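Just below is one structure, and these are the notes that go with it.
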Amino acid sequence: MENNNFPPVNPENVHFILVEPFSPGNVGAAARAIKTMGFSKLWLINPCDHLSEDARKLAHASEDILENARVFASLPEALADMHFVVATTNRVREYRMPTFTPEEVGSRIAQIAPEHNIALVFGREQSGLTNDELRICQATSSIPAAINHPSLNLAQAVMIYAYACYNARPGNAPVYEWELANHVQTESVYTHLEATMRQLDFVPHDSWDRFIMRFKRLFGRANPELRDVQLIHKIFQAMDEYVEHGLPKSKRK
């Protein structure tokens, strides 16, 4: 029985992003999966010919999803207005981020998606997402499987996440009713953090990449609001001014 106690996920706010898909058939099958579950936003990064005969054949009555798909040159460009970005992966990565099952992703999206843009990012068929691409996402998700080396293809993975989003409910957590910071706004915090810490002659014990990644994990778990981002910038600005002038603003002549 459908649970009507919570607002459904807004399908217009959920974006399925395929990074450099190689097979037109996979893109077509992914379009069919998306439409079957009531979604319409298919975004493609440097794709194969997504309007080819093979793609249309596998789309099967979902050609409109292919025709309306947006094409981008890079993943950061596609993520600019996103408020929550989940990278799908089946590999253990060097840079650990918050990790969810598809069902947990669905619940998280149900909290956020009524008013905010969500991106589900799927990697290349053969190699998945690069570490650099993972770093600009806020969380990762993997599909549990009965064998150690699962081999779901791209379209199957899209189908599982589309169903999880279609069937999602926020559970006991509140639905977000305030304005979350988008991808560009949160990335600006990480850039400002590194610049400020360098001014203070701070030296990470391992590397700047790892230091920023740890902060991303911390900050990303909070689903920061726009006002949170503005507050963090004000703190960094006060630190920047102290370094520049040697005194807090209240003690300057």
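Residue numbering restarts at 1 in every chain; chains get A, B, ... in the order shown in the structure tokens, and ligands count up from 1 in that same order.
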Could I get the residues of region 124-243 of chain A with an atom no further than 12 Å from an atom of region 43-54 of chain A, each paired with its nearest atom pair and that distance in Å to one decimal, using only C-alpha atoms, sorted by chain and residue number, as JSON lines?
```
{"residue": "A:Arg124", "atom": "CA", "partner": "A:Pro47", "partner_atom": "CA", "distance": 9.9}
{"residue": "A:Glu125", "atom": "CA", "partner": "A:Pro47", "partner_atom": "CA", "distance": 11.7}
{"residue": "A:Leu129", "atom": "CA", "partner": "A:Ile45", "partner_atom": "CA", "distance": 11.7}
{"residue": "A:Glu133", "atom": "CA", "partner": "A:Ile45", "partner_atom": "CA", "distance": 11.7}
```
Could you write those residues out with C-alpha atoms, as a compact mmCIF listing (two decimals), in the first residue's frame?
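The resulting file, part.txt, is shown below:
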```
# COMPACT_ATOMS: atom_id res chain seq x y z
CA ARG A 124 31.68 4.77 -17.44
CA GLU A 125 30.76 1.18 -18.27
CA LEU A 129 34.12 7.42 -12.12
CA GLU A 133 34.96 13.05 -10.26
```
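Here the strand (DSSP E) residues in region 52-136 of chain A, by DSSP on the backbone, are Arg70, Val71, Phe72, Phe84, Val85, Val86, Ala87, Thr88, Thr99, Phe100, Ile118, Ala119, Leu120, Val121 and Phe122 of chain A.
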Test item: residues at most 7 Å from Glu225 (chain A), only C-alpha atoms, excluding those fewer than 3 positions along its chain, as a PyMOL selection string: chain A and resi 179-181+228-229
Among the residues of region 30-202 of chain A, find those DSSP assigns to helix (DSSP H, G or I) from the backbone and print them as a PyMOL selection string. chain A and resi 30-36+53-59+63-67+75-79+102-112+131-135+154-166+183-199
Once you have the residues from the selection above, write them out as a PDB file, in the first residue's frame, restricted to C-alpha atoms.
```pdb
ATOM      1  CA  ALA A  30      18.653   3.797 -19.069  1.00  0.00           C
ATOM      2  CA  ALA A  31      16.159   6.231 -20.614  1.00  0.00           C
ATOM      3  CA  ARG A  32      13.507   3.514 -20.546  1.00  0.00           C
ATOM      4  CA  ALA A  33      14.233   2.761 -16.880  1.00  0.00           C
ATOM      5  CA  ILE A  34      14.021   6.433 -15.960  1.00  0.00           C
ATOM      6  CA  LYS A  35      10.693   6.960 -17.715  1.00  0.00           C
ATOM      7  CA  THR A  36       9.207   3.725 -16.349  1.00  0.00           C
ATOM      8  CA  GLU A  53      19.057   3.777 -33.894  1.00  0.00           C
ATOM      9  CA  ASP A  54      20.444   1.430 -31.228  1.00  0.00           C
ATOM     10  CA  ALA A  55      19.684   3.919 -28.468  1.00  0.00           C
ATOM     11  CA  ARG A  56      16.142   4.492 -29.723  1.00  0.00           C
ATOM     12  CA  LYS A  57      15.521   0.760 -30.080  1.00  0.00           C
ATOM     13  CA  LEU A  58      16.472   0.081 -26.452  1.00  0.00           C
ATOM     14  CA  ALA A  59      14.577   3.144 -25.222  1.00  0.00           C
ATOM     15  CA  GLU A  63      12.584   8.306 -27.103  1.00  0.00           C
ATOM     16  CA  ASP A  64      11.408  11.607 -25.642  1.00  0.00           C
ATOM     17  CA  ILE A  65      13.843  11.105 -22.742  1.00  0.00           C
ATOM     18  CA  LEU A  66      16.695  10.739 -25.235  1.00  0.00           C
ATOM     19  CA  GLU A  67      15.584  13.712 -27.309  1.00  0.00           C
ATOM     20  CA  LEU A  75      30.684  16.887 -14.752  1.00  0.00           C
ATOM     21  CA  PRO A  76      31.285  20.119 -12.752  1.00  0.00           C
ATOM     22  CA  GLU A  77      29.279  22.022 -15.366  1.00  0.00           C
ATOM     23  CA  ALA A  78      26.333  19.652 -14.944  1.00  0.00           C
ATOM     24  CA  LEU A  79      26.462  19.796 -11.143  1.00  0.00           C
ATOM     25  CA  PRO A 102      20.004   2.643  -2.949  1.00  0.00           C
ATOM     26  CA  GLU A 103      17.177   2.555  -0.393  1.00  0.00           C
ATOM     27  CA  GLU A 104      19.013   4.990   1.868  1.00  0.00           C
ATOM     28  CA  VAL A 105      19.661   7.243  -1.106  1.00  0.00           C
ATOM     29  CA  GLY A 106      15.937   7.183  -1.848  1.00  0.00           C
ATOM     30  CA  SER A 107      15.052   8.179   1.713  1.00  0.00           C
ATOM     31  CA  ARG A 108      17.605  10.988   1.667  1.00  0.00           C
ATOM     32  CA  ILE A 109      16.257  12.242  -1.628  1.00  0.00           C
ATOM     33  CA  ALA A 110      12.696  12.134  -0.303  1.00  0.00           C
ATOM     34  CA  GLN A 111      13.787  14.554   2.415  1.00  0.00           C
ATOM     35  CA  ILE A 112      15.507  16.929   0.015  1.00  0.00           C
ATOM     36  CA  ASN A 131      38.801   9.898  -8.193  1.00  0.00           C
ATOM     37  CA  ASP A 132      38.597  13.533  -9.291  1.00  0.00           C
ATOM     38  CA  GLU A 133      34.955  13.050 -10.264  1.00  0.00           C
ATOM     39  CA  LEU A 134      34.209  11.358  -6.958  1.00  0.00           C
ATOM     40  CA  ARG A 135      35.773  14.236  -5.031  1.00  0.00           C
ATOM     41  CA  LEU A 154      24.794   0.691 -16.535  1.00  0.00           C
ATOM     42  CA  ALA A 155      21.099   0.460 -17.402  1.00  0.00           C
ATOM     43  CA  GLN A 156      20.450  -2.087 -14.637  1.00  0.00           C
ATOM     44  CA  ALA A 157      22.068   0.207 -12.082  1.00  0.00           C
ATOM     45  CA  VAL A 158      19.984   3.149 -13.288  1.00  0.00           C
ATOM     46  CA  MET A 159      16.837   1.015 -12.971  1.00  0.00           C
ATOM     47  CA  ILE A 160      17.624   0.092  -9.362  1.00  0.00           C
ATOM     48  CA  TYR A 161      18.183   3.709  -8.327  1.00  0.00           C
ATOM     49  CA  ALA A 162      15.159   4.944 -10.272  1.00  0.00           C
ATOM     50  CA  TYR A 163      12.984   2.419  -8.449  1.00  0.00           C
ATOM     51  CA  ALA A 164      14.519   3.344  -5.082  1.00  0.00           C
ATOM     52  CA  CYS A 165      13.675   6.998  -5.728  1.00  0.00           C
ATOM     53  CA  TYR A 166      10.176   6.184  -6.983  1.00  0.00           C
ATOM     54  CA  HIS A 183      27.170  22.571  -5.596  1.00  0.00           C
ATOM     55  CA  VAL A 184      28.957  25.768  -6.639  1.00  0.00           C
ATOM     56  CA  GLN A 185      28.268  27.377  -3.268  1.00  0.00           C
ATOM     57  CA  THR A 186      29.580  24.436  -1.245  1.00  0.00           C
ATOM     58  CA  GLU A 187      32.654  24.069  -3.470  1.00  0.00           C
ATOM     59  CA  SER A 188      33.443  27.734  -2.792  1.00  0.00           C
ATOM     60  CA  VAL A 189      33.727  26.886   0.923  1.00  0.00           C
ATOM     61  CA  TYR A 190      36.408  24.276   0.250  1.00  0.00           C
ATOM     62  CA  THR A 191      38.362  26.692  -1.945  1.00  0.00           C
ATOM     63  CA  HIS A 192      38.149  29.423   0.708  1.00  0.00           C
ATOM     64  CA  LEU A 193      39.136  26.977   3.461  1.00  0.00           C
ATOM     65  CA  GLU A 194      42.333  25.962   1.680  1.00  0.00           C
ATOM     66  CA  ALA A 195      43.269  29.560   0.847  1.00  0.00           C
ATOM     67  CA  THR A 196      42.751  30.690   4.456  1.00  0.00           C
ATOM     68  CA  MET A 197      44.645  27.774   5.975  1.00  0.00           C
ATOM     69  CA  ARG A 198      47.564  28.352   3.616  1.00  0.00           C
ATOM     70  CA  GLN A 199      47.688  31.984   4.741  1.00  0.00           C
TER      71      GLN A 199
END
```
As an MDAnalysis selection string, please: the residues near region 210-222 of chain A (cut-off 8 Å, only C-alpha atoms, same-chain neighbours under 4 positions excluded). chainID A and resid 95:98 135 138:139 190 194 204 206
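Nearest to Val86 (chain A) of all the residues A:Ala119, A:Ala146, A:Leu226, A:Val27 is A:Ala119, counting only C-alpha atoms.
From CA of Ala73 (chain A) back to CA of His233 (chain A), the distance works out to 29.5 Å.
With only C-alpha atoms as the atoms that count, the minimum distance from Arg70 (chain A) to the choices A:Pro144, A:Phe16, A:Phe202, A:Asp209 is reached by A:Phe16.
Relative to CA of Ser142 (chain A), CA of Thr99 (chain A) is found at 7.5 Å.
Relative to CA of Ile232 (chain A), CA of His116 (chain A) is found at 21.1 Å.
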